[in-house]
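As stored in coords00.pdb (PDB, C-alpha atoms, pLDDT in the B column):
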ATOM      1  CA  MET A   1       0.000   0.000   0.000  1.00 64.00           C
ATOM      2  CA  PRO A   2       1.524   3.349  -0.989  1.00 74.00           C
ATOM      3  CA  ARG A   3       2.202   5.777   1.825  1.00 91.00           C
ATOM      4  CA  SER A   4       3.671   9.207   2.208  1.00 95.00           C
ATOM      5  CA  ILE A   5       7.414   9.544   2.588  1.00 97.00           C
ATOM      6  CA  THR A   6       8.876  11.787   5.277  1.00 97.00           C
ATOM      7  CA  ILE A   7      12.477  12.935   4.953  1.00 97.00           C
ATOM      8  CA  THR A   8      14.329  14.323   7.954  1.00 95.00           C
ATOM      9  CA  GLY A   9      17.972  14.913   8.696  1.00 92.00           C
ATOM     10  CA  SER A  10      20.879  17.173   9.188  1.00 86.00           C
ATOM     11  CA  LEU A  11      20.932  20.677   7.763  1.00 84.00           C
ATOM     12  CA  GLY A  12      22.423  20.539   4.276  1.00 89.00           C
ATOM     13  CA  SER A  13      21.839  16.789   3.947  1.00 94.00           C
ATOM     14  CA  GLY A  14      19.589  17.240   0.915  1.00 93.00           C
ATOM     15  CA  LYS A  15      16.116  16.861   2.440  1.00 93.00           C
ATOM     16  CA  SER A  16      14.419  19.353   0.135  1.00 91.00           C
ATOM     17  CA  THR A  17      16.186  18.198  -3.003  1.00 94.00           C
ATOM     18  CA  ILE A  18      15.445  14.527  -2.312  1.00 97.00           C
ATOM     19  CA  ALA A  19      11.812  15.139  -1.329  1.00 97.00           C
ATOM     20  CA  LYS A  20      11.256  17.110  -4.548  1.00 96.00           C
ATOM     21  CA  LEU A  21      12.853  14.350  -6.651  1.00 97.00           C
ATOM     22  CA  LEU A  22      10.754  11.677  -4.943  1.00 98.00           C
ATOM     23  CA  ALA A  23       7.574  13.712  -5.409  1.00 97.00           C
ATOM     24  CA  GLN A  24       8.328  14.053  -9.138  1.00 97.00           C
ATOM     25  CA  LYS A  25       9.186  10.390  -9.634  1.00 96.00           C
ATOM     26  CA  LEU A  26       6.186   9.088  -7.679  1.00 96.00           C
ATOM     27  CA  GLY A  27       3.638  11.746  -8.655  1.00 96.00           C
ATOM     28  CA  TYR A  28       3.284  12.722  -4.978  1.00 97.00           C
ATOM     29  CA  ILE A  29       2.764  16.223  -3.596  1.00 95.00           C
ATOM     30  CA  HIS A  30       5.897  17.903  -2.231  1.00 95.00           C
ATOM     31  CA  TYR A  31       5.588  19.663   1.120  1.00 91.00           C
ATOM     32  CA  SER A  32       8.379  21.397   3.021  1.00 88.00           C
ATOM     33  CA  THR A  33       8.234  22.644   6.564  1.00 82.00           C
ATOM     34  CA  GLY A  34      11.467  24.483   5.812  1.00 76.00           C
ATOM     35  CA  ASP A  35       9.452  26.701   3.484  1.00 72.00           C
ATOM     36  CA  ALA A  36       6.858  27.187   6.209  1.00 75.00           C
ATOM     37  CA  GLN A  37       9.553  27.973   8.760  1.00 81.00           C
ATOM     38  CA  ARG A  38      11.211  30.546   6.504  1.00 80.00           C
ATOM     39  CA  LYS A  39       7.829  32.233   5.934  1.00 79.00           C
ATOM     40  CA  ILE A  40       7.161  32.420   9.665  1.00 84.00           C
ATOM     41  CA  ALA A  41      10.696  33.729  10.277  1.00 88.00           C
ATOM     42  CA  ALA A  42      10.104  36.446   7.669  1.00 88.00           C
ATOM     43  CA  GLN A  43       6.848  37.436   9.414  1.00 87.00           C
ATOM     44  CA  TYR A  44       8.876  37.931  12.582  1.00 90.00           C
ATOM     45  CA  HIS A  45      11.661  39.711  10.591  1.00 93.00           C
ATOM     46  CA  MET A  46      14.294  37.196  11.679  1.00 91.00           C
ATOM     47  CA  THR A  47      16.465  34.386  10.364  1.00 88.00           C
ATOM     48  CA  THR A  48      15.494  30.737  10.772  1.00 83.00           C
ATOM     49  CA  LEU A  49      18.177  30.374  13.467  1.00 79.00           C
ATOM     50  CA  GLU A  50      16.620  33.290  15.354  1.00 89.00           C
ATOM     51  CA  LEU A  51      13.173  31.707  14.907  1.00 88.00           C
ATOM     52  CA  ASN A  52      14.520  28.418  16.305  1.00 77.00           C
ATOM     53  CA  GLN A  53      15.909  30.288  19.286  1.00 84.00           C
ATOM     54  CA  LEU A  54      12.536  32.006  19.809  1.00 89.00           C
ATOM     55  CA  ALA A  55      10.847  28.594  19.599  1.00 83.00           C
ATOM     56  CA  ASP A  56      12.976  27.514  22.583  1.00 79.00           C
ATOM     57  CA  THR A  57      10.777  29.760  24.751  1.00 87.00           C
ATOM     58  CA  ASP A  58       7.640  30.184  22.620  1.00 90.00           C
ATOM     59  CA  PRO A  59       5.844  26.873  21.934  1.00 84.00           C
ATOM     60  CA  SER A  60       3.424  28.552  19.535  1.00 89.00           C
ATOM     61  CA  ILE A  61       6.200  28.607  16.907  1.00 87.00           C
ATOM     62  CA  ASP A  62       6.425  24.817  16.752  1.00 79.00           C
ATOM     63  CA  GLN A  63       2.645  24.559  16.951  1.00 83.00           C
ATOM     64  CA  GLN A  64       2.346  26.783  13.866  1.00 83.00           C
ATOM     65  CA  ILE A  65       4.843  24.654  11.969  1.00 80.00           C
ATOM     66  CA  ASP A  66       3.616  21.242  13.141  1.00 78.00           C
ATOM     67  CA  SER A  67      -0.150  21.715  13.044  1.00 75.00           C
ATOM     68  CA  VAL A  68      -0.481  20.633   9.426  1.00 74.00           C
ATOM     69  CA  PHE A  69       0.824  17.062   9.770  1.00 79.00           C
ATOM     70  CA  ASN A  70      -2.246  15.411  11.284  1.00 77.00           C
ATOM     71  CA  GLN A  71      -4.233  16.723   8.337  1.00 77.00           C
ATOM     72  CA  LEU A  72      -1.646  15.403   5.867  1.00 83.00           C
ATOM     73  CA  GLU A  73      -1.597  11.975   7.550  1.00 84.00           C
ATOM     74  CA  GLU A  74      -5.384  11.681   7.316  1.00 83.00           C
ATOM     75  CA  SER A  75      -5.738  13.004   3.765  1.00 85.00           C
ATOM     76  CA  ASN A  76      -6.109  10.738   0.749  1.00 86.00           C
ATOM     77  CA  GLN A  77      -3.123  12.421  -0.901  1.00 92.00           C
ATOM     78  CA  LEU A  78       0.395  11.018  -0.956  1.00 95.00           C
ATOM     79  CA  TYR A  79       3.245  13.339  -0.009  1.00 95.00           C
ATOM     80  CA  ALA A  80       7.020  13.511  -0.136  1.00 97.00           C
ATOM     81  CA  ILE A  81       7.783  15.748   2.834  1.00 95.00           C
ATOM     82  CA  ASP A  82      11.016  17.315   4.003  1.00 93.00           C
ATOM     83  CA  SER A  83      10.646  18.142   7.662  1.00 91.00           C
ATOM     84  CA  ARG A  84      12.428  17.707  10.956  1.00 85.00           C
ATOM     85  CA  MET A  85       9.382  16.196  12.698  1.00 89.00           C
ATOM     86  CA  ALA A  86       6.878  14.962  10.077  1.00 91.00           C
ATOM     87  CA  TRP A  87       7.995  11.366  10.750  1.00 94.00           C
ATOM     88  CA  PHE A  88       6.819  11.813  14.350  1.00 94.00           C
ATOM     89  CA  PHE A  89       3.437  13.305  13.448  1.00 91.00           C
ATOM     90  CA  MET A  90       2.903  10.899  10.548  1.00 92.00           C
ATOM     91  CA  PRO A  91       3.661   7.462  12.010  1.00 92.00           C
ATOM     92  CA  LYS A  92       2.211   5.648   8.970  1.00 92.00           C
ATOM     93  CA  SER A  93       4.743   7.327   6.654  1.00 95.00           C
ATOM     94  CA  PHE A  94       7.905   5.755   5.267  1.00 97.00           C
ATOM     95  CA  LYS A  95      10.474   7.502   7.452  1.00 97.00           C
ATOM     96  CA  VAL A  96      13.897   8.417   6.030  1.00 98.00           C
ATOM     97  CA  LYS A  97      16.716  10.192   7.839  1.00 97.00           C
ATOM     98  CA  LEU A  98      19.546  11.798   5.865  1.00 97.00           C
ATOM     99  CA  THR A  99      22.929  12.522   7.412  1.00 96.00           C
ATOM    100  CA  VAL A 100      25.909  14.424   6.050  1.00 95.00           C
ATOM    101  CA  GLU A 101      29.414  15.303   7.171  1.00 93.00           C
ATOM    102  CA  PRO A 102      29.162  18.793   8.783  1.00 90.00           C
ATOM    103  CA  LYS A 103      31.709  20.542   6.522  1.00 89.00           C
ATOM    104  CA  THR A 104      30.011  19.143   3.424  1.00 91.00           C
ATOM    105  CA  ALA A 105      26.675  20.411   4.772  1.00 87.00           C
ATOM    106  CA  ALA A 106      28.124  23.865   5.424  1.00 85.00           C
ATOM    107  CA  LEU A 107      29.588  24.017   1.908  1.00 86.00           C
ATOM    108  CA  ARG A 108      26.260  22.982   0.384  1.00 86.00           C
ATOM    109  CA  ILE A 109      24.424  25.659   2.373  1.00 81.00           C
ATOM    110  CA  LEU A 110      27.037  28.296   1.560  1.00 78.00           C
ATOM    111  CA  ASN A 111      26.648  27.598  -2.168  1.00 77.00           C
ATOM    112  CA  ASP A 112      22.840  27.243  -2.179  1.00 72.00           C
ATOM    113  CA  THR A 113      21.441  30.453  -3.645  1.00 64.00           C
ATOM    114  CA  SER A 114      17.848  29.232  -3.398  1.00 66.00           C
ATOM    115  CA  ARG A 115      17.671  29.541   0.399  1.00 56.00           C
ATOM    116  CA  SER A 116      15.462  32.530   1.008  1.00 50.00           C
ATOM    117  CA  GLY A 117      14.902  33.973   4.450  1.00 46.00           C
ATOM    118  CA  GLU A 118      18.187  32.657   5.772  1.00 53.00           C
ATOM    119  CA  LYS A 119      21.328  34.563   6.571  1.00 58.00           C
ATOM    120  CA  LYS A 120      23.861  34.561   3.757  1.00 72.00           C
ATOM    121  CA  TYR A 121      27.170  33.263   5.057  1.00 77.00           C
ATOM    122  CA  LYS A 122      30.498  34.699   3.984  1.00 79.00           C
ATOM    123  CA  THR A 123      32.663  31.703   4.847  1.00 81.00           C
ATOM    124  CA  ILE A 124      32.315  27.980   5.296  1.00 80.00           C
ATOM    125  CA  ASP A 125      33.208  28.436   8.976  1.00 85.00           C
ATOM    126  CA  ASP A 126      30.287  30.870   9.426  1.00 81.00           C
ATOM    127  CA  ALA A 127      27.905  28.403   7.778  1.00 81.00           C
ATOM    128  CA  LEU A 128      29.307  25.504   9.801  1.00 82.00           C
ATOM    129  CA  GLU A 129      28.913  27.341  13.103  1.00 85.00           C
ATOM    130  CA  ALA A 130      25.377  28.513  12.315  1.00 82.00           C
ATOM    131  CA  THR A 131      24.195  25.078  11.159  1.00 80.00           C
ATOM    132  CA  MET A 132      25.693  23.369  14.190  1.00 85.00           C
ATOM    133  CA  ASN A 133      24.053  25.917  16.511  1.00 85.00           C
ATOM    134  CA  ARG A 134      20.712  25.468  14.759  1.00 81.00           C
ATOM    135  CA  ARG A 135      20.904  21.662  14.911  1.00 84.00           C
ATOM    136  CA  THR A 136      21.808  21.749  18.618  1.00 87.00           C
ATOM    137  CA  SER A 137      18.843  24.030  19.277  1.00 85.00           C
ATOM    138  CA  GLU A 138      16.489  21.700  17.393  1.00 84.00           C
ATOM    139  CA  ILE A 139      17.741  18.533  19.097  1.00 88.00           C
ATOM    140  CA  GLU A 140      17.274  20.039  22.547  1.00 89.00           C
ATOM    141  CA  ARG A 141      13.893  21.605  21.762  1.00 82.00           C
ATOM    142  CA  PHE A 142      12.427  18.456  20.216  1.00 86.00           C
ATOM    143  CA  LYS A 143      13.583  16.353  23.189  1.00 91.00           C
ATOM    144  CA  LYS A 144      11.967  18.822  25.566  1.00 88.00           C
ATOM    145  CA  THR A 145       8.799  19.467  23.548  1.00 84.00           C
ATOM    146  CA  TYR A 146       8.049  16.020  22.108  1.00 89.00           C
ATOM    147  CA  GLY A 147      10.199  13.657  24.163  1.00 94.00           C
ATOM    148  CA  VAL A 148      11.954  12.314  21.063  1.00 94.00           C
ATOM    149  CA  ASP A 149      15.551  12.125  19.996  1.00 93.00           C
ATOM    150  CA  ILE A 150      15.744  13.147  16.349  1.00 91.00           C
ATOM    151  CA  GLU A 151      19.238  11.646  16.218  1.00 91.00           C
ATOM    152  CA  ASP A 152      18.060   8.124  17.151  1.00 94.00           C
ATOM    153  CA  PRO A 153      18.260   5.954  13.993  1.00 95.00           C
ATOM    154  CA  ASN A 154      15.657   3.559  15.429  1.00 96.00           C
ATOM    155  CA  ASN A 155      12.960   6.158  14.703  1.00 96.00           C
ATOM    156  CA  PHE A 156      13.368   5.662  10.947  1.00 97.00           C
ATOM    157  CA  ASP A 157      12.850   3.014   8.288  1.00 97.00           C
ATOM    158  CA  MET A 158      16.227   3.892   6.825  1.00 97.00           C
ATOM    159  CA  VAL A 159      19.202   6.223   7.384  1.00 98.00           C
ATOM    160  CA  ILE A 160      21.399   7.386   4.486  1.00 98.00           C
ATOM    161  CA  ASP A 161      24.675   9.327   4.622  1.00 97.00           C
ATOM    162  CA  THR A 162      24.479  11.707   1.630  1.00 97.00           C
ATOM    163  CA  THR A 163      28.016  13.095   1.942  1.00 97.00           C
ATOM    164  CA  ASP A 164      29.399  11.284  -1.112  1.00 97.00           C
ATOM    165  CA  LEU A 165      26.162  10.568  -2.990  1.00 97.00           C
ATOM    166  CA  THR A 166      24.375  12.492  -5.704  1.00 96.00           C
ATOM    167  CA  PRO A 167      20.716  13.373  -5.157  1.00 96.00           C
ATOM    168  CA  GLN A 168      19.764  10.813  -7.834  1.00 97.00           C
ATOM    169  CA  GLU A 169      21.722   8.080  -6.030  1.00 98.00           C
ATOM    170  CA  VAL A 170      20.000   8.921  -2.732  1.00 98.00           C
ATOM    171  CA  CYS A 171      16.614   8.930  -4.438  1.00 97.00           C
ATOM    172  CA  ASP A 172      17.305   5.528  -6.039  1.00 97.00           C
ATOM    173  CA  ILE A 173      18.322   4.025  -2.674  1.00 98.00           C
ATOM    174  CA  ILE A 174      15.127   5.308  -1.045  1.00 98.00           C
ATOM    175  CA  LEU A 175      12.885   4.120  -3.868  1.00 97.00           C
ATOM    176  CA  LYS A 176      14.396   0.625  -3.790  1.00 96.00           C
ATOM    177  CA  GLU A 177      13.689   0.274  -0.064  1.00 96.00           C
ATOM    178  CA  TYR A 178      10.309   2.035  -0.260  1.00 96.00           C
ATOM    179  CA  ASN A 179       9.120  -0.301  -3.032  1.00 92.00           C
ATOM    180  CA  ASN A 180      10.220  -3.338  -0.968  1.00 89.00           C
ATOM    181  CA  LYS A 181       8.158  -2.349   2.104  1.00 76.00           C
TER     182      LYS A 181
END

Structure translated into structure tokens:
Amino acid sequence: MPRSITITGSLGSGKSTIAKLLAQKLGYIHYSTGDAQRKIAAQYHMTTLELNQLADTDPSIDQQIDSVFNQLEESNQLYAIDSRMAWFFMPKSFKVKLTVEPKTAALRILNDTSRSGEKKYKTIDDALEATMNRRTSEIERFKKTYGVDIEDPNNFDMVIDTTDLTPQEVCDIILKEYNNK
């Protein structure tokens, strides 16, 4: 039985790219909470890191971002979703976690001109520091808010290190496993 696919993982691991590729290949709808988060950050006139820091003390931020997933899980549509927590809110989904070596992630983010609403970094070290700070903030907040460890591989159907893989290779690996489930 087909089911939605949720993609989570490290910043710069390729979540958005892979979710978009999967949506195209499968004819699913692409949804990104990163897009939603950037829109909310823009409403507050802040970066996504600043929004994450605000979310540490203001639970309404996560509620705004997360409220859509129950509706997606219950809909008759199939989705390819890139999100930190969709796997948690959509337990019937095929759950994929992407990892990446931190310097590779920082380089990807530094060179990604499509990231709107995020601070533009001048050096790889700036991008590395900001992504590590953001990830630390998310790990701590999600443990506190939801009681889950987003780093625990047991939460997922599969974990893929994207450091040395092309997006097409990652997509092929996911589709092979997804079609076997």

What would the selection look like, as a PDB file with C-alpha atoms, keeping the file's coordinate frame, if the PyMOL selection byres ((chain A and resi 147-155) around 12) were run on the coordinates I just shared?
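Contents of out-v9.pdb, as written:
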ATOM      1  CA  THR A   6       8.876  11.787   5.277  1.00 97.00           C
ATOM      2  CA  ILE A   7      12.477  12.935   4.953  1.00 97.00           C
ATOM      3  CA  THR A   8      14.329  14.323   7.954  1.00 95.00           C
ATOM      4  CA  GLY A   9      17.972  14.913   8.696  1.00 92.00           C
ATOM      5  CA  SER A  10      20.879  17.173   9.188  1.00 86.00           C
ATOM      6  CA  SER A  83      10.646  18.142   7.662  1.00 91.00           C
ATOM      7  CA  ARG A  84      12.428  17.707  10.956  1.00 85.00           C
ATOM      8  CA  MET A  85       9.382  16.196  12.698  1.00 89.00           C
ATOM      9  CA  ALA A  86       6.878  14.962  10.077  1.00 91.00           C
ATOM     10  CA  TRP A  87       7.995  11.366  10.750  1.00 94.00           C
ATOM     11  CA  PHE A  88       6.819  11.813  14.350  1.00 94.00           C
ATOM     12  CA  PHE A  89       3.437  13.305  13.448  1.00 91.00           C
ATOM     13  CA  MET A  90       2.903  10.899  10.548  1.00 92.00           C
ATOM     14  CA  PRO A  91       3.661   7.462  12.010  1.00 92.00           C
ATOM     15  CA  SER A  93       4.743   7.327   6.654  1.00 95.00           C
ATOM     16  CA  PHE A  94       7.905   5.755   5.267  1.00 97.00           C
ATOM     17  CA  LYS A  95      10.474   7.502   7.452  1.00 97.00           C
ATOM     18  CA  VAL A  96      13.897   8.417   6.030  1.00 98.00           C
ATOM     19  CA  LYS A  97      16.716  10.192   7.839  1.00 97.00           C
ATOM     20  CA  LEU A  98      19.546  11.798   5.865  1.00 97.00           C
ATOM     21  CA  THR A  99      22.929  12.522   7.412  1.00 96.00           C
ATOM     22  CA  ARG A 135      20.904  21.662  14.911  1.00 84.00           C
ATOM     23  CA  THR A 136      21.808  21.749  18.618  1.00 87.00           C
ATOM     24  CA  SER A 137      18.843  24.030  19.277  1.00 85.00           C
ATOM     25  CA  GLU A 138      16.489  21.700  17.393  1.00 84.00           C
ATOM     26  CA  ILE A 139      17.741  18.533  19.097  1.00 88.00           C
ATOM     27  CA  GLU A 140      17.274  20.039  22.547  1.00 89.00           C
ATOM     28  CA  ARG A 141      13.893  21.605  21.762  1.00 82.00           C
ATOM     29  CA  PHE A 142      12.427  18.456  20.216  1.00 86.00           C
ATOM     30  CA  LYS A 143      13.583  16.353  23.189  1.00 91.00           C
ATOM     31  CA  LYS A 144      11.967  18.822  25.566  1.00 88.00           C
ATOM     32  CA  THR A 145       8.799  19.467  23.548  1.00 84.00           C
ATOM     33  CA  TYR A 146       8.049  16.020  22.108  1.00 89.00           C
ATOM     34  CA  PHE A 156      13.368   5.662  10.947  1.00 97.00           C
ATOM     35  CA  ASP A 157      12.850   3.014   8.288  1.00 97.00           C
ATOM     36  CA  MET A 158      16.227   3.892   6.825  1.00 97.00           C
ATOM     37  CA  VAL A 159      19.202   6.223   7.384  1.00 98.00           C
ATOM     38  CA  ILE A 160      21.399   7.386   4.486  1.00 98.00           C
ATOM     39  CA  ASP A 161      24.675   9.327   4.622  1.00 97.00           C
TER      40      ASP A 161
END

Report task. Convert the output of the PyMOL selection byres ((chain A and resi 129-131) around 9) on the shown file into explicit residues, formatted as a list in words. Result ->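 Answer for the PyMOL selection byres ((chain A and resi 129-131) around 9): Ser10, Leu11, Gly12, Leu49, Pro102, Ala105, Ala106, Ile109, Tyr121, Ile124, Asp125, Asp126, Ala127, Leu128, Met132, Asn133, Arg134, Arg135 and Thr136 of chain A.
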
Query raised in the report: Between A:Leu165, A:Leu175, A:Ala41, A:Ala36, which is the closest to Leu22 of chain A once you count all atoms listed in the file?
Result: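 For Leu22 of chain A, the nearest of the candidates is A:Leu175.
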
Report task. For Leu51 of chain A, list every protein, DNA or RNA residue within 10 Å, evaluated using all atoms listed in the file, and leave out those in the same chain fewer than 4 positions away; present the list as a ChimeraX atom specification. Result -> /A:37-38,40-42,44-47,55-56,58,61-62,134

Report task. Calculate how many Å separate atom CA of Thr166 of chain A from atom CA of Tyr31 of chain A, rounding to one decimal. Result ->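 The value is 21.2 Å.
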
Query raised in the report: Looking at all atoms listed in the file, which of A:Asn180, A:Thr33, A:Gln168, A:Ser4 is the one that sits closest to Ser75 of chain A?
Result: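 Nearest to Ser75 of chain A: A:Ser4.
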
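When atom CA of Gln63 of chain A is paired with atom CA of Ala80 of chain A, their separation reads 20.8 Å.
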
Requested in this report: Rank A:Gln77, A:Thr162, A:Gln64, A:Thr57 by their smallest atom-to-atom distance to Ile5 of chain A, using all atoms listed in the file, and report the top residue only.
Outcome: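 Smallest distance to Ile5 of chain A is found for A:Gln77.
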
**Report entry** Å distance separating atom CA of Leu110 of chain A from atom CA of Val170 of chain A, one decimal place
**Finding:**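 Answer for the atom CA of Leu110 of chain A to atom CA of Val170 of chain A separation: 21.1 Å.
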
Report task. Can you give me, as a list in words, the residues this file yields under the PyMOL selection byres ((chain A and resi 28) around 6)? Result -> Ala23, Leu26, Gly27, Ile29, Leu78 and Tyr79 of chain A

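Closest approach to Glu169 of chain A from the set A:Ile18, A:Arg3, A:Ser13, A:Asp82 is made by A:Ile18, with distances taken over only C-alpha atoms.
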
Box dimensions and centre (Å, one decimal) enclosing segment 60-70 of chain A, axis-aligned, 5 Å extra per side, as lines of an AutoDock Vina configuration file:
center_x = 2.1
center_y = 22.0
center_z = 14.5
size_x = 18.7
size_y = 23.2
size_z = 20.1

Query raised in the report: Which residue gives the smallest distance to Cys171 of chain A among A:Lys39, A:Lys103, A:Lys120, A:Leu21, with only C-alpha atoms counted?
Result: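 Smallest distance to Cys171 of chain A is found for A:Leu21.
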